[in-house]
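start_7.txt (compact mmCIF, C-alpha atoms (C1' of nucleotides))
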# COMPACT_ATOMS: atom_id res chain seq x y z
CA MET M 251 -11.42 2.97 -33.33
CA PRO M 252 -11.31 4.48 -29.86
CA PHE M 253 -8.32 6.29 -28.44
CA GLU M 254 -6.54 3.48 -26.61
CA LYS M 255 -4.77 4.73 -23.53
CA SER M 256 -2.41 1.79 -23.19
CA ARG M 257 -1.19 2.62 -26.72
CA SER M 258 -0.83 6.35 -26.08
CA ALA M 259 2.74 7.43 -25.34
CA GLY M 260 1.57 10.43 -23.35
CA TYR M 261 -0.79 8.46 -21.19
CA LEU M 262 1.82 5.81 -20.49
CA ALA M 263 4.47 8.42 -19.76
CA ASN M 264 2.22 10.04 -17.21
CA HIS M 265 1.31 6.77 -15.55
CA MET M 266 4.92 5.58 -15.49
CA ALA M 267 6.17 8.86 -14.07
CA ARG M 268 3.58 8.76 -11.30
CA LEU M 269 4.68 5.27 -10.33
CA PHE M 270 8.36 6.27 -10.38
CA ALA M 271 7.67 9.34 -8.28
CA HIS M 272 5.64 7.39 -5.78
CA GLY M 273 8.24 4.66 -5.45
CA LEU M 274 11.07 7.15 -5.08
CA ALA M 275 9.08 9.20 -2.60
CA GLN M 276 8.55 6.15 -0.38
CA ARG M 277 12.22 5.26 -0.51
CA ILE M 278 13.61 8.70 0.27
CA LYS M 279 10.98 9.78 2.76
CA PRO M 280 12.97 8.17 5.61
CA LEU M 281 15.85 10.44 4.60
CA GLY M 282 13.61 13.49 4.90
CA LEU M 283 13.64 14.07 1.16
CA ALA M 284 10.98 14.55 -1.51
CA PRO M 285 11.48 13.85 -5.24
CA ALA M 286 11.99 17.41 -6.43
CA GLN M 287 14.45 17.98 -3.63
CA PHE M 288 16.38 14.89 -4.66
CA MET M 289 16.48 16.06 -8.26
CA THR M 290 17.85 19.41 -7.14
CA LEU M 291 20.40 17.78 -4.89
CA LEU M 292 21.65 15.74 -7.84
CA GLU M 293 22.85 18.97 -9.41
CA LEU M 294 24.23 20.45 -6.23
CA TRP M 295 26.14 17.31 -5.33
CA ARG M 296 27.78 17.60 -8.71
CA GLU M 297 28.47 21.30 -8.32
CA ASP M 298 27.78 23.29 -5.19
CA GLY M 299 27.11 27.02 -5.17
CA LEU M 300 24.99 27.18 -8.32
CA THR M 301 22.50 30.00 -8.73
CA GLN M 302 18.79 29.45 -8.96
CA GLY M 303 18.92 30.30 -12.65
CA GLU M 304 21.57 27.66 -13.28
CA LEU M 305 19.48 25.05 -11.51
CA VAL M 306 16.48 26.05 -13.59
CA ALA M 307 18.46 25.56 -16.78
CA ARG M 308 19.91 22.20 -15.78
CA LEU M 309 16.69 20.68 -14.50
CA ASP M 310 14.39 22.19 -17.09
CA VAL M 311 11.73 23.39 -14.69
CA GLU M 312 10.25 26.87 -14.45
CA GLN M 313 11.92 29.47 -12.31
CA ALA M 314 8.93 29.72 -10.00
CA THR M 315 8.94 25.97 -9.43
CA MET M 316 12.59 26.02 -8.48
CA ALA M 317 12.13 29.01 -6.18
CA ASN M 318 9.48 27.11 -4.24
CA THR M 319 11.50 23.91 -4.12
CA LEU M 320 14.50 25.83 -2.80
CA THR M 321 12.35 27.47 -0.15
CA ARG M 322 11.24 24.05 1.09
CA MET M 323 14.82 22.80 1.00
CA ALA M 324 16.01 25.75 3.05
CA ARG M 325 13.16 25.17 5.49
CA ASP M 326 14.29 21.54 5.80
CA GLY M 327 17.91 22.47 6.40
CA LEU M 328 19.25 21.09 3.14
CA ILE M 329 20.55 24.28 1.58
CA GLU M 330 21.59 27.80 2.44
CA ARG M 331 21.01 30.78 0.16
CA ARG M 332 24.00 33.10 0.21
CA PRO M 333 24.36 36.43 -1.54
CA HIS M 334 26.09 36.04 -4.89
CA PRO M 335 29.63 37.42 -4.82
CA THR M 336 29.38 39.46 -8.01
CA ASP M 337 25.67 39.78 -8.91
CA GLY M 338 23.51 41.55 -6.39
CA ARG M 339 20.33 40.09 -7.79
CA ALA M 340 21.44 36.49 -7.57
CA GLN M 341 22.14 34.08 -4.76
CA SER M 342 24.34 31.06 -4.67
CA ILE M 343 22.83 27.90 -3.30
CA HIS M 344 25.02 25.91 -0.92
CA LEU M 345 24.52 22.45 0.52
CA THR M 346 24.47 21.93 4.26
CA ASP M 347 26.47 19.12 5.83
CA LYS M 348 23.20 17.28 6.26
CA ALA M 349 22.52 17.41 2.53
CA ILE M 350 26.06 16.36 1.66
CA ALA M 351 25.70 13.32 3.87
CA LEU M 352 22.57 12.22 2.05
CA GLU M 353 24.23 11.67 -1.32
CA GLY M 354 25.04 8.02 -0.76
CA PRO M 355 21.76 6.79 0.69
CA ALA M 356 19.61 8.93 -1.60
CA THR M 357 21.26 7.88 -4.84
CA ALA M 358 21.13 4.28 -3.65
CA ALA M 359 17.38 4.66 -3.09
CA ALA M 360 16.90 6.09 -6.56
CA ALA M 361 18.97 3.33 -8.11
CA ALA M 362 16.87 0.77 -6.26
CA GLN M 363 13.68 2.25 -7.66
CA ASN M 364 15.14 2.20 -11.15
CA ASP M 365 16.09 -1.43 -10.68
CA VAL M 366 12.59 -2.40 -9.64
CA ALA M 367 11.12 -0.58 -12.60
CA LEU M 368 13.47 -2.09 -15.15
CA ALA M 369 13.55 -5.54 -13.60
CA GLY M 370 11.84 -7.19 -16.57
CA LEU M 371 14.25 -5.78 -19.15
CA SER M 372 17.57 -7.03 -20.43
CA GLU M 373 20.63 -4.78 -20.42
CA GLU M 374 20.11 -4.19 -24.11
CA GLU M 375 16.44 -3.32 -23.63
CA ARG M 376 17.24 -0.95 -20.80
CA SER M 377 19.75 0.87 -22.90
CA VAL M 378 17.37 1.18 -25.83
CA PHE M 379 14.64 2.39 -23.50
CA LEU M 380 16.80 5.14 -22.03
CA ASP M 381 17.96 6.19 -25.48
CA THR M 382 14.40 6.34 -26.71
CA MET M 383 13.26 8.47 -23.79
CA ASN M 384 16.09 10.87 -24.49
CA THR M 385 15.06 11.01 -28.13
CA VAL M 386 11.42 11.67 -27.25
CA ILE M 387 12.38 14.36 -24.75
CA HIS M 388 14.51 16.05 -27.36
CA ALA M 389 11.71 15.88 -29.92
CA MET M 390 9.24 17.58 -27.61
CA LYS M 391 11.72 20.22 -26.49
CA SER M 392 12.54 21.23 -30.03
CA ALA M 393 9.00 21.07 -31.38
CA PRO M 394 7.38 24.46 -31.82
CA MET M 395 4.35 24.96 -29.64
CA PRO M 396 1.06 24.70 -31.50
CA LYS M 397 -0.13 28.15 -32.52
CA MET U 44 30.80 7.34 -10.72
CA PRO U 45 28.15 10.01 -10.27
CA PHE U 46 24.44 9.34 -10.58
CA GLU U 47 23.83 10.36 -14.19
CA LYS U 48 20.37 11.79 -14.62
CA SER U 49 20.17 11.27 -18.38
CA ARG U 50 20.77 7.57 -17.68
CA SER U 51 18.21 7.32 -14.89
CA ALA U 52 14.88 5.87 -15.99
CA GLY U 53 13.02 7.68 -13.24
CA TYR U 54 14.50 11.04 -14.04
CA LEU U 55 13.81 10.66 -17.74
CA ALA U 56 10.28 9.43 -17.09
CA ASN U 57 9.58 12.51 -15.01
CA HIS U 58 11.04 14.88 -17.56
CA MET U 59 9.25 13.19 -20.45
CA ALA U 60 5.91 13.21 -18.64
CA ARG U 61 6.24 16.91 -17.86
CA LEU U 62 6.86 17.66 -21.50
CA PHE U 63 3.92 15.50 -22.59
CA ALA U 64 1.64 17.15 -20.06
CA HIS U 65 2.72 20.62 -21.06
CA GLY U 66 2.25 19.93 -24.76
CA LEU U 67 -1.14 18.35 -24.25
CA ALA U 68 -2.21 21.16 -21.93
CA GLN U 69 -1.39 23.75 -24.60
CA ARG U 70 -3.30 21.85 -27.24
CA ILE U 71 -6.46 21.22 -25.25
CA LYS U 72 -6.58 24.51 -23.42
CA PRO U 73 -8.54 26.08 -26.29
CA LEU U 74 -11.14 23.35 -25.73
CA GLY U 75 -11.42 24.31 -22.09
CA LEU U 76 -9.78 21.09 -20.94
CA ALA U 77 -6.88 20.20 -18.68
CA PRO U 78 -4.89 16.94 -18.85
CA ALA U 79 -6.51 15.12 -15.95
CA GLN U 80 -9.91 16.06 -17.27
CA PHE U 81 -9.00 14.66 -20.67
CA MET U 82 -7.81 11.43 -19.09
CA THR U 83 -11.10 11.12 -17.23
CA LEU U 84 -13.10 11.89 -20.33
CA LEU U 85 -11.30 9.08 -22.16
CA GLU U 86 -13.00 6.63 -19.81
CA LEU U 87 -16.38 8.32 -19.88
CA TRP U 88 -16.44 8.55 -23.67
CA ARG U 89 -15.90 4.81 -23.66
CA GLU U 90 -18.55 4.19 -21.01
CA ASP U 91 -20.79 6.87 -19.56
CA GLY U 92 -22.33 6.67 -16.10
CA LEU U 93 -19.37 5.15 -14.28
CA THR U 94 -19.02 5.69 -10.56
CA GLN U 95 -16.13 7.56 -9.03
CA GLY U 96 -14.75 4.30 -7.74
CA GLU U 97 -14.77 2.76 -11.21
CA LEU U 98 -12.90 5.74 -12.61
CA VAL U 99 -10.35 5.44 -9.83
CA ALA U 100 -9.74 1.80 -10.70
CA ARG U 101 -9.44 2.40 -14.43
CA LEU U 102 -7.15 5.40 -14.25
CA ASP U 103 -5.05 4.23 -11.31
CA VAL U 104 -5.20 7.45 -9.35
CA GLU U 105 -6.20 7.89 -5.73
CA GLN U 106 -9.82 8.40 -4.81
CA ALA U 107 -9.16 11.88 -3.45
CA THR U 108 -7.46 12.91 -6.67
CA MET U 109 -10.43 11.76 -8.73
CA ALA U 110 -12.91 13.47 -6.42
CA ASN U 111 -11.15 16.77 -6.94
CA THR U 112 -10.85 16.32 -10.68
CA LEU U 113 -14.55 15.52 -10.92
CA THR U 114 -15.40 18.61 -8.89
CA ARG U 115 -13.47 20.76 -11.37
CA MET U 116 -15.13 18.99 -14.27
CA ALA U 117 -18.59 19.61 -12.82
CA ARG U 118 -17.65 23.24 -12.24
CA ASP U 119 -16.62 23.47 -15.90
CA GLY U 120 -19.84 21.92 -17.15
CA LEU U 121 -18.29 18.69 -18.41
CA ILE U 122 -20.05 16.20 -16.16
CA GLU U 123 -23.06 15.81 -13.93
CA ARG U 124 -23.08 13.76 -10.74
CA ARG U 125 -26.34 11.85 -10.41
CA PRO U 126 -27.44 9.69 -7.51
CA HIS U 127 -26.63 6.05 -8.13
CA PRO U 128 -29.78 4.02 -8.86
CA THR U 129 -29.02 1.17 -6.47
CA ASP U 130 -26.29 2.33 -4.08
CA GLY U 131 -27.14 5.31 -1.91
CA ARG U 132 -23.49 6.07 -1.22
CA ALA U 133 -22.40 6.21 -4.83
CA GLN U 134 -23.05 8.56 -7.71
CA SER U 135 -22.93 7.93 -11.39
CA ILE U 136 -20.95 10.36 -13.47
CA HIS U 137 -22.59 11.50 -16.70
CA LEU U 138 -21.17 13.50 -19.57
CA THR U 139 -22.80 16.73 -20.66
CA ASP U 140 -23.45 17.41 -24.33
CA LYS U 141 -20.51 19.78 -24.21
CA ALA U 142 -18.18 17.01 -23.08
CA ILE U 143 -19.54 14.57 -25.65
CA ALA U 144 -18.84 17.07 -28.41
CA LEU U 145 -15.21 17.39 -27.34
CA GLU U 146 -14.26 13.79 -28.05
CA GLY U 147 -13.14 14.37 -31.63
CA PRO U 148 -11.07 17.52 -31.18
CA ALA U 149 -9.58 16.44 -27.87
CA THR U 150 -8.44 13.01 -29.02
CA ALA U 151 -7.05 14.63 -32.15
CA ALA U 152 -5.05 17.03 -30.00
CA ALA U 153 -3.67 14.18 -27.92
CA ALA U 154 -2.77 12.22 -31.02
CA ALA U 155 -0.98 15.27 -32.39
CA GLN U 156 1.08 15.57 -29.23
CA ASN U 157 1.98 11.89 -29.40
CA ASP U 158 3.03 12.35 -33.01
CA VAL U 159 5.32 15.22 -32.17
CA ALA U 160 6.88 13.25 -29.35
CA LEU U 161 7.46 10.12 -31.39
CA ALA U 162 8.44 11.90 -34.57
CA GLY U 163 11.98 10.61 -34.52
CA LEU U 164 11.01 6.96 -34.14
CA SER U 165 10.16 4.31 -36.71
CA GLU U 166 6.93 2.36 -36.44
CA GLU U 167 8.88 -0.52 -35.02
CA GLU U 168 10.61 1.68 -32.46
CA ARG U 169 7.33 3.24 -31.40
CA SER U 170 5.78 -0.13 -30.83
CA VAL U 171 8.74 -1.34 -28.79
CA PHE U 172 8.68 1.86 -26.78
CA LEU U 173 5.01 1.51 -25.88
CA ASP U 174 5.49 -2.14 -25.01
CA THR U 175 8.42 -1.30 -22.78
CA MET U 176 6.52 1.40 -20.94
CA ASN U 177 3.72 -1.06 -20.30
CA THR U 178 6.25 -3.57 -18.99
CA VAL U 179 7.85 -1.00 -16.70
CA ILE U 180 4.48 0.15 -15.39
CA HIS U 181 3.53 -3.42 -14.64
CA ALA U 182 6.82 -4.04 -12.86
CA MET U 183 6.34 -1.05 -10.56
CA LYS U 184 2.71 -1.86 -9.87
CA SER U 185 3.48 -5.39 -8.82
CA ALA U 186 6.63 -4.63 -6.86
CA PRO U 187 6.15 -4.65 -3.11
CA MET U 188 6.76 -1.29 -1.50
CA PRO U 189 10.13 -1.08 0.27
CA LYS U 190 9.92 -2.06 3.95
C1' DT P 2 -32.79 -6.07 15.43
C1' DA P 3 -28.68 -4.04 16.71
C1' DC P 4 -23.80 -3.65 16.58
C1' DG P 5 -19.81 -3.48 13.99
C1' DC P 6 -17.20 -3.67 9.69
C1' DT P 7 -16.75 -2.24 5.00
C1' DT P 8 -17.22 0.86 1.34
C1' DG P 9 -18.14 5.37 -1.57
C1' DA P 10 -17.11 9.85 -1.31
C1' DA P 11 -15.62 14.53 0.57
C1' DT P 12 -12.23 17.33 2.84
C1' DA P 13 -7.84 19.05 4.73
C1' DG P 14 -3.10 19.62 4.05
C1' DC P 15 1.00 19.33 1.38
C1' DG P 16 4.51 18.76 -2.72
C1' DT P 17 5.45 19.94 -7.35
C1' DG P 18 4.36 21.61 -11.64
C1' DC P 19 2.58 25.75 -14.36
C1' DT P 20 1.45 30.90 -15.82
C1' DA P 21 1.38 35.60 -14.70
C1' DT P 22 3.00 39.54 -12.00
C1' DG P 23 5.93 42.48 -9.49
C1' DC P 24 10.38 44.33 -7.99
C1' DA P 25 15.07 45.42 -7.60
C1' DA P 26 19.63 45.01 -9.48
C1' DA P 27 22.28 45.02 -13.63
C1' DT P 28 23.04 46.31 -18.27
C1' DT P 29 22.33 48.94 -22.52
C1' DA P 30 21.22 52.74 -25.02
C1' DT P 31 20.69 57.57 -25.56
C1' DA H 213 24.62 60.22 -16.56
C1' DT H 214 19.99 59.18 -17.12
C1' DA H 215 16.43 56.43 -19.10
C1' DA H 216 14.91 52.05 -20.90
C1' DT H 217 15.49 47.25 -21.09
C1' DT H 218 16.88 42.92 -19.36
C1' DT H 219 17.66 39.70 -15.79
C1' DG H 220 17.21 37.13 -11.10
C1' DC H 221 14.09 36.09 -7.94
C1' DA H 222 9.62 36.08 -5.12
C1' DT H 223 4.73 35.67 -4.86
C1' DA H 224 -0.05 34.65 -6.10
C1' DG H 225 -3.10 31.50 -7.92
C1' DC H 226 -4.29 27.19 -9.96
C1' DA H 227 -4.08 21.94 -11.55
C1' DC H 228 -3.15 17.50 -9.91
C1' DG H 229 -0.91 14.13 -7.49
C1' DC H 230 -0.57 12.07 -2.65
C1' DT H 231 -1.77 10.73 2.50
C1' DA H 232 -4.89 10.93 6.25
C1' DT H 233 -9.26 11.73 8.16
C1' DT H 234 -14.22 11.88 8.42
C1' DC H 235 -18.99 10.68 7.41
C1' DA H 236 -22.82 8.26 5.80
C1' DA H 237 -24.74 4.27 3.62
C1' DG H 238 -24.60 -0.61 3.00
C1' DC H 239 -23.84 -5.27 4.79
C1' DG H 240 -22.89 -8.96 8.14
C1' DT H 241 -23.48 -11.30 11.98
C1' DA H 242 -24.60 -12.22 16.74
What's the structure tokens form of this structure?
Amino acid sequence: MPFEKSRSAGYLANHMARLFAHGLAQRIKPLGLAPAQFMTLLELWREDGLTQGELVARLDVEQATMANTLTRMARDGLIERRPHPTDGRAQSIHLTDKAIALEGPATAAAAAQNDVALAGLSEEERSVFLDTMNTVIHAMKSAPMPK
Amino acid sequence: MPFEKSRSAGYLANHMARLFAHGLAQRIKPLGLAPAQFMTLLELWREDGLTQGELVARLDVEQATMANTLTRMARDGLIERRPHPTDGRAQSIHLTDKAIALEGPATAAAAAQNDVALAGLSEEERSVFLDTMNTVIHAMKSAPMPK
DNA sequence: TACGCTTGAATAGCGTGCTATGCAAATTAT
DNA sequence: ATAATTTGCATAGCACGCTATTCAAGCGTA
């Protein structure tokens, strides 16, 4: 039997993530935000002044990816990189007033996209779905890489 | 209450898809393949000689994305672009022997990645999970774009 | 037939992910 | 205290996704 893409978790995950990203991008574009910037802001709204390394750990992206995202965010006036008070190698990342003001509208946009995506599911189904994604993420993170 | 990323479908979808892509990439790299190439090959293994436009429709990516992926695949000796027999604007995309030979190992690699990801789930849970992803995908594809 | 619209594909430019390097500051070991 | 290692970040280079633009070939219609 052929490899059926609509029965492949990986294929579906990719397709679903592209649709989520596209929908979110459309919704936050008017705010001057892009998806990776939003994701980063989620952490900084929760706790300002994190280092790049802390953001890397919390968002599970590579250090180089975060460095580039932060560069674009600084360019766009969302963050400021300040010298770290105690570690001369590090910087602390601080939100600008502009970025602080975006928390409400941006999280509302993300919630709206989630609502559209999950529209066909009951509360119970939504909860199971989120739990399952967390389980799958954990499985892949703890699996040893093949050879 | 704060926007909780581990309870956001979009955030989890993104994270999960990155992990899937990374795992698949590691597994098919020895075959000389990258994820988007594998996805494209899935369609061509099923039916050779498709046009770029047909691939775009089946994989739900933008035309420009597919054009670039096909260019890389031609560069890597996986496909050949031949003039379309009846439409002077189009080309038909044909697999090389090399690409044909990769079907077994590549689909096995993808299946292995899916297995790792779904390891913690029962058969029933896996089935529900795939169904739900298909439902969510459909919901986002049919939702009108905001404003 | 000729003009105009549609359609298949390429290209440019950018965001976001990755790996691989390089460098300077900090830390550890000798 | 000096040397070696580790750690924080930047940069280069590439895959892949997107939007926007351009061009040529096909198709319609006046």
Correct to one decimal, the distance CA of Ala359 in chain M-CA of Leu291 in chain M is 13.6 Å
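In terms of minimum interatomic distance to Ala271 in chain M, M:Phe288 ranks closest within M:Phe379, M:Phe288, M:Trp295, M:Phe253, counting all atoms listed in the file.
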Would you compute the distance between CA of Glu304 in chain M and CA of Met323 in chain M? Give it in Å to one decimal.
16.5 Å
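Our summary of the geometry notes that CA of Ala307 in chain M is positioned 15.9 Å from CA of Asn57 in chain U.
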Please list as a ChimeraX atom specification every residue within 8 Å of range 216-230 of chain H, counting all atoms listed in the file and excluding residues in the same chain fewer than 6 positions away.
/M:268,303,317,339-340 /U:77,79,105,108,112 /P:27-30
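The interface of chain U with chain M at 6 Å, considering only C-alpha atoms, consists of Gly53, Ala56, Asn57, Met59, Ala60, Phe63, Ala160, Leu161, Val179, Ile180, Ala182 and Met183 of chain U.
Within 10 Å of chain U, chain P contributes the residues DT8, DG9, DA10, DA11, DT12, DG18 and DC19 of chain P, using only C-alpha atoms (C1' of nucleotides).
Using all atoms listed in the file, the nearest neighbour of chain M within the list H:DA213, H:DT231, H:DA237, H:DA242 is H:DT231.
With distances taken over all atoms listed in the file, M:Met316 is the one residue among M:Glu330, M:Met316, M:Pro280, M:Ile350 lying closest to chain H.
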Where's the centre, and what are the edge lengths in Å to one decimal, of a box along x, y and z enclosing all listed atoms of range 337-351 of chain M padded 8 Å per side, as lines of an AutoDock Vina configuration file?
center_x = 23.4
center_y = 27.4
center_z = -1.3
size_x = 22.1
size_y = 44.2
size_z = 31.2
Counting all atoms listed in the file, what is within 9 Å of Lys348 in chain M, bar same-chain residues fewer than 4 positions away, as a PyMOL selection string?
chain M and resi 327-329+352
